[in-house]
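J.: Sharing a structure with you now.
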Amino acid sequence: MFSHRWGEGEPVLHDIQGRAIYDMPPSGGIKKLQKFCLTAFRRGYLWAWSDTCCIDKTSSAELQEAIGSMFGWYRRSHLTIVYLADIAESGSFDSSQWFGRGWTLQELLAPNAMLFYARNWSLYKNIESSNHKTDDVILEELTRATGIGSRFLTNFTPGVDDARSRLQWASSRHTTRPEDIAYSLFGIFNLHLPVLYGESVEFALGRLLGEIISQSGDISILDWVGEASTFHSCFPARISSYRTLPLPAILLSEQSSITSQRPASTNALRKLCRSLNKIPLPQFASRRLTLPCFSHRVTLVRRTSADPLSSSYTYEIQASGLQPLEITLPEEFENVTSLPGGLESVTAVLQIVRPWHYKSLGGSTKLDVTATEQLLETLARPFSALLLTELPHNEYKRIASSTLILAHPIDVTNILRSKVRIFNIV
């Protein structure tokens, strides 16, 4: 199978149907197709497939089927030939546009065997191999160019596990049609959704993210910064919002000093564990997110800086059970009244929340009594928080932030008193 960056004059099915491609004038996309077929033939293959001309794109049904099947096709291919038209024989992956395109992500992850070819159709850096995915030098360069670990490059399993990482891999990629940035990920997540060209990219991405939560309850996909989607306030408007890294693993895994403030009450911890055992998984249906969260009501808001030219407003927030924290928003708080001392009164009910899922404890499906100390350590660490504002009818809306909201619990006593609420977010 063929993987490449589309250019001008790419032949489609009707251009080559019933014709011998070697008899066609060797220009533009035709020349590239001829070179691909000749390279495949020299490798011992009698059949070759290219996405430019092996799909009837005038048929919406065939296009829908092809998009839904593409990952599987590349996975089952005996060899995927990648042509890097913008890389010289001694060039580097880092400068190739192929690594910045949306559709080529699954074309990188799906195949078991790949060979990369430079502009002159010589093997990349003249590295002779039957499979560049088994070459340590190539794998190291691929990891550096994509940010994807070698274990995923060589043994990738499609599905909704580790969704946040997969979204981050795609966050710097682009597609000609905006909606395709979502459609190109269907195979990577092993999801089968309708392809609806003409819908906005926010709705295409929103449908994808909603299905990920519906199937897995994975709350890691809520960890983003930037502009909120019109599809749902908990989803980003653009996939580039996942470019910002989540909290560093070292920060999430470090032992908190507050757990040593005083011995924790074993009974209180067991009570908290029992309550968490009864918490339902996050659910998404009809564009409504049902999200279990530890909640901290905002008690004070103070604006510390404002830069309307760059749409940046920074606030100091005080919330029950948390140390004072700072948030940066792209817009000013609505319904704000100025008070003496730089304080502001926000008439809306605001909540700083920590979404909860059993995977927050490292994947254990049960919070039994033996996990109490681990639970305390987890809840005592800093966490990436969401800011919610209350709407009528017991609904909430997320307020998008320009930076990660880093929240620190105050002490063990407040942790043991904490409870999980179920929020209905639109």
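Here's how to read the names in the structure tokens: chain A, B, ... by the order shown, residue numbers from 1 in each chain, ligand numbers from 1 in the order shown.
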What lies within 12 Å of A:Leu191 using only C-alpha atoms, ignoring chain neighbours under 2 positions off, as a PyMOL selection string?

T.: chain A and resi 67-72+158-160+182-189+193-195+207-216

J.: Write out the residues from the selection above, keeping C-alpha atoms, as a PDB file, in the first residue's frame.

T.:
```pdb
ATOM      1  CA  ILE A  67     -12.697   5.752   5.791  1.00  0.00           C
ATOM      2  CA  GLY A  68     -14.090   3.185   8.208  1.00  0.00           C
ATOM      3  CA  SER A  69     -11.886   0.422   6.811  1.00  0.00           C
ATOM      4  CA  MET A  70      -8.657   2.294   6.100  1.00  0.00           C
ATOM      5  CA  PHE A  71      -6.863   1.422   9.331  1.00  0.00           C
ATOM      6  CA  GLY A  72      -7.617  -2.266   8.837  1.00  0.00           C
ATOM      7  CA  PRO A 158      -6.344   0.510  18.030  1.00  0.00           C
ATOM      8  CA  GLY A 159      -8.874   1.356  20.721  1.00  0.00           C
ATOM      9  CA  VAL A 160      -9.923   3.961  23.285  1.00  0.00           C
ATOM     10  CA  ALA A 182     -11.580  13.857  13.408  1.00  0.00           C
ATOM     11  CA  TYR A 183     -12.434  11.297  10.720  1.00  0.00           C
ATOM     12  CA  SER A 184      -8.757  10.357  10.342  1.00  0.00           C
ATOM     13  CA  LEU A 185      -8.767   9.199  13.986  1.00  0.00           C
ATOM     14  CA  PHE A 186     -11.754   6.831  13.756  1.00  0.00           C
ATOM     15  CA  GLY A 187      -9.518   3.846  12.957  1.00  0.00           C
ATOM     16  CA  ILE A 188      -6.943   4.713  15.616  1.00  0.00           C
ATOM     17  CA  PHE A 189      -9.684   4.618  18.263  1.00  0.00           C
ATOM     18  CA  LEU A 193     -19.117   6.703  13.263  1.00  0.00           C
ATOM     19  CA  PRO A 194     -20.880   8.360  10.328  1.00  0.00           C
ATOM     20  CA  VAL A 195     -18.760  10.570   8.073  1.00  0.00           C
ATOM     21  CA  ARG A 207     -18.839  13.333  18.151  1.00  0.00           C
ATOM     22  CA  LEU A 208     -15.495  11.521  18.312  1.00  0.00           C
ATOM     23  CA  LEU A 209     -14.750  12.652  21.879  1.00  0.00           C
ATOM     24  CA  GLY A 210     -18.283  11.882  23.017  1.00  0.00           C
ATOM     25  CA  GLU A 211     -18.009   8.335  21.676  1.00  0.00           C
ATOM     26  CA  ILE A 212     -14.654   7.844  23.438  1.00  0.00           C
ATOM     27  CA  ILE A 213     -16.225   8.774  26.783  1.00  0.00           C
ATOM     28  CA  SER A 214     -19.330   6.697  26.042  1.00  0.00           C
ATOM     29  CA  GLN A 215     -17.247   3.579  25.452  1.00  0.00           C
ATOM     30  CA  SER A 216     -14.534   4.056  28.057  1.00  0.00           C
TER      31      SER A 216
END
```

J.: For A:Ser360, find every residue with an atom within 12 Å (counting only C-alpha atoms), except residues of its own chain fewer than 6 positions away, and show them as a PyMOL selection string.

T.: chain A and resi 217-220+252-253+276+281+293+354+366-367+374-379+381+383-384

J.: How would the residues just chosen look if you wrote them out with N, CA, C and O atoms as an mmCIF file, in the first residue's frame?

T.:
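So out_16.cif came out as:
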```
data_model
loop_
_atom_site.group_PDB
_atom_site.id
_atom_site.type_symbol
_atom_site.label_atom_id
_atom_site.label_comp_id
_atom_site.auth_asym_id
_atom_site.auth_seq_id
_atom_site.Cartn_x
_atom_site.Cartn_y
_atom_site.Cartn_z
ATOM 1 N N GLY A 217 -15.453 5.900 29.375
ATOM 2 C CA GLY A 217 -15.521 6.739 30.562
ATOM 3 C C GLY A 217 -14.225 7.476 30.834
ATOM 4 O O GLY A 217 -14.014 8.012 31.924
ATOM 5 N N ASP A 218 -13.330 7.542 29.836
ATOM 6 C CA ASP A 218 -11.993 8.107 30.019
ATOM 7 C C ASP A 218 -12.084 9.614 30.223
ATOM 8 O O ASP A 218 -12.472 10.367 29.323
ATOM 9 N N ILE A 219 -11.700 10.082 31.418
ATOM 10 C CA ILE A 219 -11.770 11.514 31.727
ATOM 11 C C ILE A 219 -10.500 12.250 31.327
ATOM 12 O O ILE A 219 -10.445 13.479 31.414
ATOM 13 N N SER A 220 -9.480 11.525 30.866
ATOM 14 C CA SER A 220 -8.237 12.198 30.481
ATOM 15 C C SER A 220 -8.446 13.126 29.294
ATOM 16 O O SER A 220 -7.702 14.087 29.118
ATOM 17 N N LEU A 252 2.496 14.255 39.419
ATOM 18 C CA LEU A 252 1.345 13.439 39.770
ATOM 19 C C LEU A 252 1.720 12.276 40.681
ATOM 20 O O LEU A 252 0.885 11.777 41.432
ATOM 21 N N SER A 253 2.973 11.824 40.615
ATOM 22 C CA SER A 253 3.373 10.650 41.371
ATOM 23 C C SER A 253 4.094 10.983 42.670
ATOM 24 O O SER A 253 4.292 10.102 43.508
ATOM 25 N N LEU A 276 -16.853 5.743 47.088
ATOM 26 C CA LEU A 276 -16.332 5.772 45.723
ATOM 27 C C LEU A 276 -16.662 4.497 44.956
ATOM 28 O O LEU A 276 -16.748 4.507 43.727
ATOM 29 N N LEU A 281 -19.710 5.392 36.335
ATOM 30 C CA LEU A 281 -18.727 5.868 35.371
ATOM 31 C C LEU A 281 -19.242 7.121 34.663
ATOM 32 O O LEU A 281 -20.460 7.314 34.546
ATOM 33 N N CYS A 293 -17.488 14.029 40.155
ATOM 34 C CA CYS A 293 -16.376 14.923 40.489
ATOM 35 C C CYS A 293 -16.299 15.159 41.991
ATOM 36 O O CYS A 293 -17.332 15.238 42.673
ATOM 37 N N ARG A 354 -12.715 18.129 40.439
ATOM 38 C CA ARG A 354 -11.739 17.103 40.070
ATOM 39 C C ARG A 354 -12.520 15.896 39.540
ATOM 40 O O ARG A 354 -13.120 15.142 40.316
ATOM 41 N N LYS A 366 -11.494 -1.790 41.750
ATOM 42 C CA LYS A 366 -12.142 -1.797 43.051
ATOM 43 C C LYS A 366 -11.339 -0.966 44.046
ATOM 44 O O LYS A 366 -10.116 -1.018 44.077
ATOM 45 N N LEU A 367 -12.049 -0.201 44.840
ATOM 46 C CA LEU A 367 -11.416 0.579 45.897
ATOM 47 C C LEU A 367 -11.682 -0.118 47.229
ATOM 48 O O LEU A 367 -12.461 0.344 48.051
ATOM 49 N N GLN A 374 -3.341 4.297 49.304
ATOM 50 C CA GLN A 374 -3.113 4.757 47.938
ATOM 51 C C GLN A 374 -4.123 5.835 47.569
ATOM 52 O O GLN A 374 -3.788 6.826 46.907
ATOM 53 N N LEU A 375 -5.362 5.656 48.010
ATOM 54 C CA LEU A 375 -6.396 6.654 47.742
ATOM 55 C C LEU A 375 -6.032 7.991 48.372
ATOM 56 O O LEU A 375 -6.140 9.043 47.738
ATOM 57 N N LEU A 376 -5.599 7.960 49.619
ATOM 58 C CA LEU A 376 -5.242 9.200 50.305
ATOM 59 C C LEU A 376 -4.091 9.906 49.595
ATOM 60 O O LEU A 376 -4.118 11.130 49.396
ATOM 61 N N GLU A 377 -3.076 9.139 49.217
ATOM 62 C CA GLU A 377 -1.946 9.732 48.513
ATOM 63 C C GLU A 377 -2.383 10.359 47.196
ATOM 64 O O GLU A 377 -1.932 11.441 46.813
ATOM 65 N N THR A 378 -3.285 9.675 46.487
ATOM 66 C CA THR A 378 -3.764 10.195 45.201
ATOM 67 C C THR A 378 -4.522 11.498 45.385
ATOM 68 O O THR A 378 -4.300 12.477 44.666
ATOM 69 N N LEU A 379 -5.413 11.533 46.366
ATOM 70 C CA LEU A 379 -6.235 12.725 46.574
ATOM 71 C C LEU A 379 -5.441 13.882 47.159
ATOM 72 O O LEU A 379 -5.884 15.036 47.079
ATOM 73 N N ARG A 381 -2.417 14.752 46.161
ATOM 74 C CA ARG A 381 -1.531 15.335 45.160
ATOM 75 C C ARG A 381 -2.194 16.500 44.433
ATOM 76 O O ARG A 381 -3.422 16.591 44.377
ATOM 77 N N PHE A 383 -3.737 18.398 41.282
ATOM 78 C CA PHE A 383 -4.510 17.815 40.188
ATOM 79 C C PHE A 383 -4.919 18.890 39.197
ATOM 80 O O PHE A 383 -4.978 20.082 39.516
ATOM 81 N N SER A 384 -5.170 18.443 37.973
ATOM 82 C CA SER A 384 -5.654 19.325 36.916
ATOM 83 C C SER A 384 -7.169 19.452 37.050
ATOM 84 O O SER A 384 -7.890 18.461 36.941
#
```

J.: Which residue, A:Ser200, A:Glu227, A:Thr413, A:Pro282, has the smallest gap to A:Pro330 when you use only C-alpha atoms?

T.: A:Glu227

J.: What's around A:Arg144 at 10 Å? Count only C-alpha atoms, leave out sequence neighbours fewer than 5 positions away in its own chain, and write the answer as a PyMOL selection string.

T.: chain A and resi 93-94+138-139+149-150

J.: Atoms to include: N, CA, C and O atoms. Write the selected residues as a PDB file, in the first residue's frame.

T.:
```
ATOM      1  N   PHE A  93      13.554  13.241   8.803  1.00  0.00           N
ATOM      2  CA  PHE A  93      12.102  13.154   8.977  1.00  0.00           C
ATOM      3  C   PHE A  93      11.517  14.471   9.494  1.00  0.00           C
ATOM      4  O   PHE A  93      10.392  14.832   9.164  1.00  0.00           O
ATOM      5  N   ASP A  94      12.265  15.178  10.336  1.00  0.00           N
ATOM      6  CA  ASP A  94      11.753  16.371  11.005  1.00  0.00           C
ATOM      7  C   ASP A  94      11.219  17.417  10.031  1.00  0.00           C
ATOM      8  O   ASP A  94      10.327  18.189  10.373  1.00  0.00           O
ATOM      9  N   ILE A 138      16.001   4.169  12.478  1.00  0.00           N
ATOM     10  CA  ILE A 138      14.753   4.716  11.944  1.00  0.00           C
ATOM     11  C   ILE A 138      13.755   4.961  13.071  1.00  0.00           C
ATOM     12  O   ILE A 138      13.104   6.018  13.130  1.00  0.00           O
ATOM     13  N   LEU A 139      13.606   4.005  13.979  1.00  0.00           N
ATOM     14  CA  LEU A 139      12.642   4.154  15.076  1.00  0.00           C
ATOM     15  C   LEU A 139      12.981   5.353  15.949  1.00  0.00           C
ATOM     16  O   LEU A 139      12.086   6.083  16.397  1.00  0.00           O
ATOM     17  N   GLY A 149       6.213   6.929  21.171  1.00  0.00           N
ATOM     18  CA  GLY A 149       7.180   5.945  21.624  1.00  0.00           C
ATOM     19  C   GLY A 149       7.313   4.781  20.668  1.00  0.00           C
ATOM     20  O   GLY A 149       6.358   4.405  19.965  1.00  0.00           O
ATOM     21  N   SER A 150       8.480   4.172  20.643  1.00  0.00           N
ATOM     22  CA  SER A 150       8.753   3.097  19.687  1.00  0.00           C
ATOM     23  C   SER A 150       7.834   1.902  19.897  1.00  0.00           C
ATOM     24  O   SER A 150       7.498   1.195  18.945  1.00  0.00           O
TER      25      SER A 150
END
```

J.: So that I can see what lies close to A:Thr39, please list as number ranges by chain the residues with an atom at most 12 Å from it, counting only C-alpha atoms and leaving out residues fewer than 3 positions away in the same chain.

T.: A: 1-2, 32-36, 42-48, 79-83, 115-117, 120-123

J.: If you run DSSP on the backbone, which residues of stretch 89-181 of chain A are helix (DSSP H, G or I), as an MDAnalysis selection string?

T.: chainID A and resid 93:95 97:100 104:109 124:126 132:134 136:146 150:154 163:170 180:181

J.: Taking only C-alpha atoms into account, name the residue in A:Arg164, A:Ala204, A:Leu289, A:Asn190 that is nearest to A:Leu245.

T.: A:Arg164

J.: Quick one: distance from atom CA of A:Ser401 to atom CA of A:Glu331 in Å, one decimal?

T.: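 Separating atom CA of A:Ser401 from atom CA of A:Glu331 is a distance of 8.9 Å.
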
J.: Rounded to one decimal in Å, what is the spacing between atom CA of A:Ala400 and atom CA of A:Ser165?

T.: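 Interatomic distance here is 20.3 Å.
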
J.: Tell me, which residues of stretch 277-360 of chain A carry DSSP strand (DSSP E or B), written as JSON, numbers by chain?

T.: {"A": [283, 284, 285, 288, 289, 290, 291, 292, 293, 294, 295, 296, 297, 298, 299, 300, 301, 302, 303, 304, 305, 306, 307, 312, 313, 314, 315, 316, 317, 318, 319, 322, 325, 326, 327, 328, 329, 336, 337, 338, 343, 344, 345, 346, 350, 351, 352, 353, 354, 355]}

J.: How far is it from atom CA of A:Trp98 to atom CA of A:Val201, in Å with one decimal?

T.: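 Here the two named atoms are 21.4 Å from each other.
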
J.: Point out the residue among A:Asp135, A:Glu10, A:Glu373, A:Glu316 with the least atom-to-atom distance to A:Ala268, counting only C-alpha atoms.

T.: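 Answer, going by the shortest atom-to-atom distance: A:Glu373.
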
J.: Identify, on the basis of only C-alpha atoms, every residue whose closest approach to stretch 51-65 of chain A does not exceed 6 Å; exclude the query and any residue fewer than 6 positions from it along the same chain; express the result as a list in words.

T.: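 Here the qualifying residues turn out to be Pro11, Val12 and Leu13 of chain A.
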
J.: Mind checking which residues fall within 12 Å of A:Lys271, counting only C-alpha atoms, ignoring those fewer than 2 positions away in the same chain, and posting them as a list in words?

T.: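 Result of the neighbour search: Ser265, Thr266, Asn267, Ala268, Leu269, Cys273, Arg274, Ser275, Leu276, Asn277, Lys278, Leu367, Asp368, Val369, Thr372, Leu375, Leu416, Arg417, Ser418 and Lys419 of chain A.
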
J.: Export, as a PDB file, in the first residue's frame, the selected residues with N, CA and C atoms.

T.:
```
ATOM      1  N   SER A 265      -7.552   9.079  59.601  1.00  0.00           N
ATOM      2  CA  SER A 265      -8.550   8.229  60.239  1.00  0.00           C
ATOM      3  C   SER A 265      -8.861   7.050  59.331  1.00  0.00           C
ATOM      4  N   THR A 266      -8.589   5.852  59.840  1.00  0.00           N
ATOM      5  CA  THR A 266      -8.844   4.654  59.039  1.00  0.00           C
ATOM      6  C   THR A 266     -10.316   4.523  58.723  1.00  0.00           C
ATOM      7  N   ASN A 267     -11.173   4.811  59.685  1.00  0.00           N
ATOM      8  CA  ASN A 267     -12.612   4.706  59.463  1.00  0.00           C
ATOM      9  C   ASN A 267     -13.077   5.693  58.399  1.00  0.00           C
ATOM     10  N   ALA A 268     -12.543   6.920  58.473  1.00  0.00           N
ATOM     11  CA  ALA A 268     -12.940   7.922  57.480  1.00  0.00           C
ATOM     12  C   ALA A 268     -12.483   7.514  56.084  1.00  0.00           C
ATOM     13  N   LEU A 269     -11.278   6.953  55.989  1.00  0.00           N
ATOM     14  CA  LEU A 269     -10.785   6.510  54.687  1.00  0.00           C
ATOM     15  C   LEU A 269     -11.628   5.366  54.129  1.00  0.00           C
ATOM     16  N   CYS A 273     -13.729   5.261  50.724  1.00  0.00           N
ATOM     17  CA  CYS A 273     -13.578   4.175  49.750  1.00  0.00           C
ATOM     18  C   CYS A 273     -14.923   3.554  49.390  1.00  0.00           C
ATOM     19  N   ARG A 274     -15.717   3.277  50.409  1.00  0.00           N
ATOM     20  CA  ARG A 274     -17.034   2.670  50.156  1.00  0.00           C
ATOM     21  C   ARG A 274     -17.899   3.572  49.295  1.00  0.00           C
ATOM     22  N   SER A 275     -17.818   4.894  49.551  1.00  0.00           N
ATOM     23  CA  SER A 275     -18.634   5.816  48.757  1.00  0.00           C
ATOM     24  C   SER A 275     -18.170   5.854  47.305  1.00  0.00           C
ATOM     25  N   LEU A 276     -16.853   5.743  47.088  1.00  0.00           N
ATOM     26  CA  LEU A 276     -16.332   5.772  45.723  1.00  0.00           C
ATOM     27  C   LEU A 276     -16.662   4.497  44.956  1.00  0.00           C
ATOM     28  N   ASN A 277     -16.832   3.400  45.689  1.00  0.00           N
ATOM     29  CA  ASN A 277     -17.232   2.153  45.034  1.00  0.00           C
ATOM     30  C   ASN A 277     -18.597   2.255  44.375  1.00  0.00           C
ATOM     31  N   LYS A 278     -19.406   3.194  44.843  1.00  0.00           N
ATOM     32  CA  LYS A 278     -20.774   3.323  44.337  1.00  0.00           C
ATOM     33  C   LYS A 278     -20.895   4.369  43.230  1.00  0.00           C
ATOM     34  N   LEU A 367     -12.049  -0.201  44.840  1.00  0.00           N
ATOM     35  CA  LEU A 367     -11.416   0.579  45.897  1.00  0.00           C
ATOM     36  C   LEU A 367     -11.682  -0.118  47.229  1.00  0.00           C
ATOM     37  N   ASP A 368     -11.037  -1.272  47.456  1.00  0.00           N
ATOM     38  CA  ASP A 368     -11.248  -1.989  48.709  1.00  0.00           C
ATOM     39  C   ASP A 368     -10.389  -1.368  49.810  1.00  0.00           C
ATOM     40  N   VAL A 369     -10.497  -1.934  51.010  1.00  0.00           N
ATOM     41  CA  VAL A 369      -9.838  -1.330  52.168  1.00  0.00           C
ATOM     42  C   VAL A 369      -8.316  -1.341  52.025  1.00  0.00           C
ATOM     43  N   THR A 372      -6.752   2.011  50.698  1.00  0.00           N
ATOM     44  CA  THR A 372      -7.050   3.284  51.361  1.00  0.00           C
ATOM     45  C   THR A 372      -5.865   4.241  51.368  1.00  0.00           C
ATOM     46  N   LEU A 375      -5.362   5.656  48.010  1.00  0.00           N
ATOM     47  CA  LEU A 375      -6.396   6.654  47.742  1.00  0.00           C
ATOM     48  C   LEU A 375      -6.032   7.991  48.372  1.00  0.00           C
ATOM     49  N   LEU A 416     -10.665  14.069  53.712  1.00  0.00           N
ATOM     50  CA  LEU A 416     -11.536  13.048  54.281  1.00  0.00           C
ATOM     51  C   LEU A 416     -12.997  13.487  54.309  1.00  0.00           C
ATOM     52  N   ARG A 417     -13.223  14.794  54.307  1.00  0.00           N
ATOM     53  CA  ARG A 417     -14.598  15.305  54.303  1.00  0.00           C
ATOM     54  C   ARG A 417     -15.170  15.409  52.895  1.00  0.00           C
ATOM     55  N   SER A 418     -14.322  15.243  51.902  1.00  0.00           N
ATOM     56  CA  SER A 418     -14.766  15.467  50.529  1.00  0.00           C
ATOM     57  C   SER A 418     -15.736  14.387  50.073  1.00  0.00           C
ATOM     58  N   LYS A 419     -16.606  14.774  49.165  1.00  0.00           N
ATOM     59  CA  LYS A 419     -17.590  13.863  48.593  1.00  0.00           C
ATOM     60  C   LYS A 419     -17.633  14.062  47.092  1.00  0.00           C
TER      61      LYS A 419
END
```

J.: From the set A:Ala110, A:Leu391, A:Leu38, A:Ile399, which residue has the shortest atom-to-atom contact distance to A:Phe235, counting only C-alpha atoms?

T.: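 Between A:Ala110, A:Leu391, A:Leu38, A:Ile399, the residue approaching A:Phe235 most closely is A:Ile399.
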
J.: From the list A:Ala407, A:Ile30, A:Leu109, A:Ala85, which residue is nearest A:Arg166 when using only C-alpha atoms?

T.: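 Result for the nearest residue to A:Arg166: A:Leu109.
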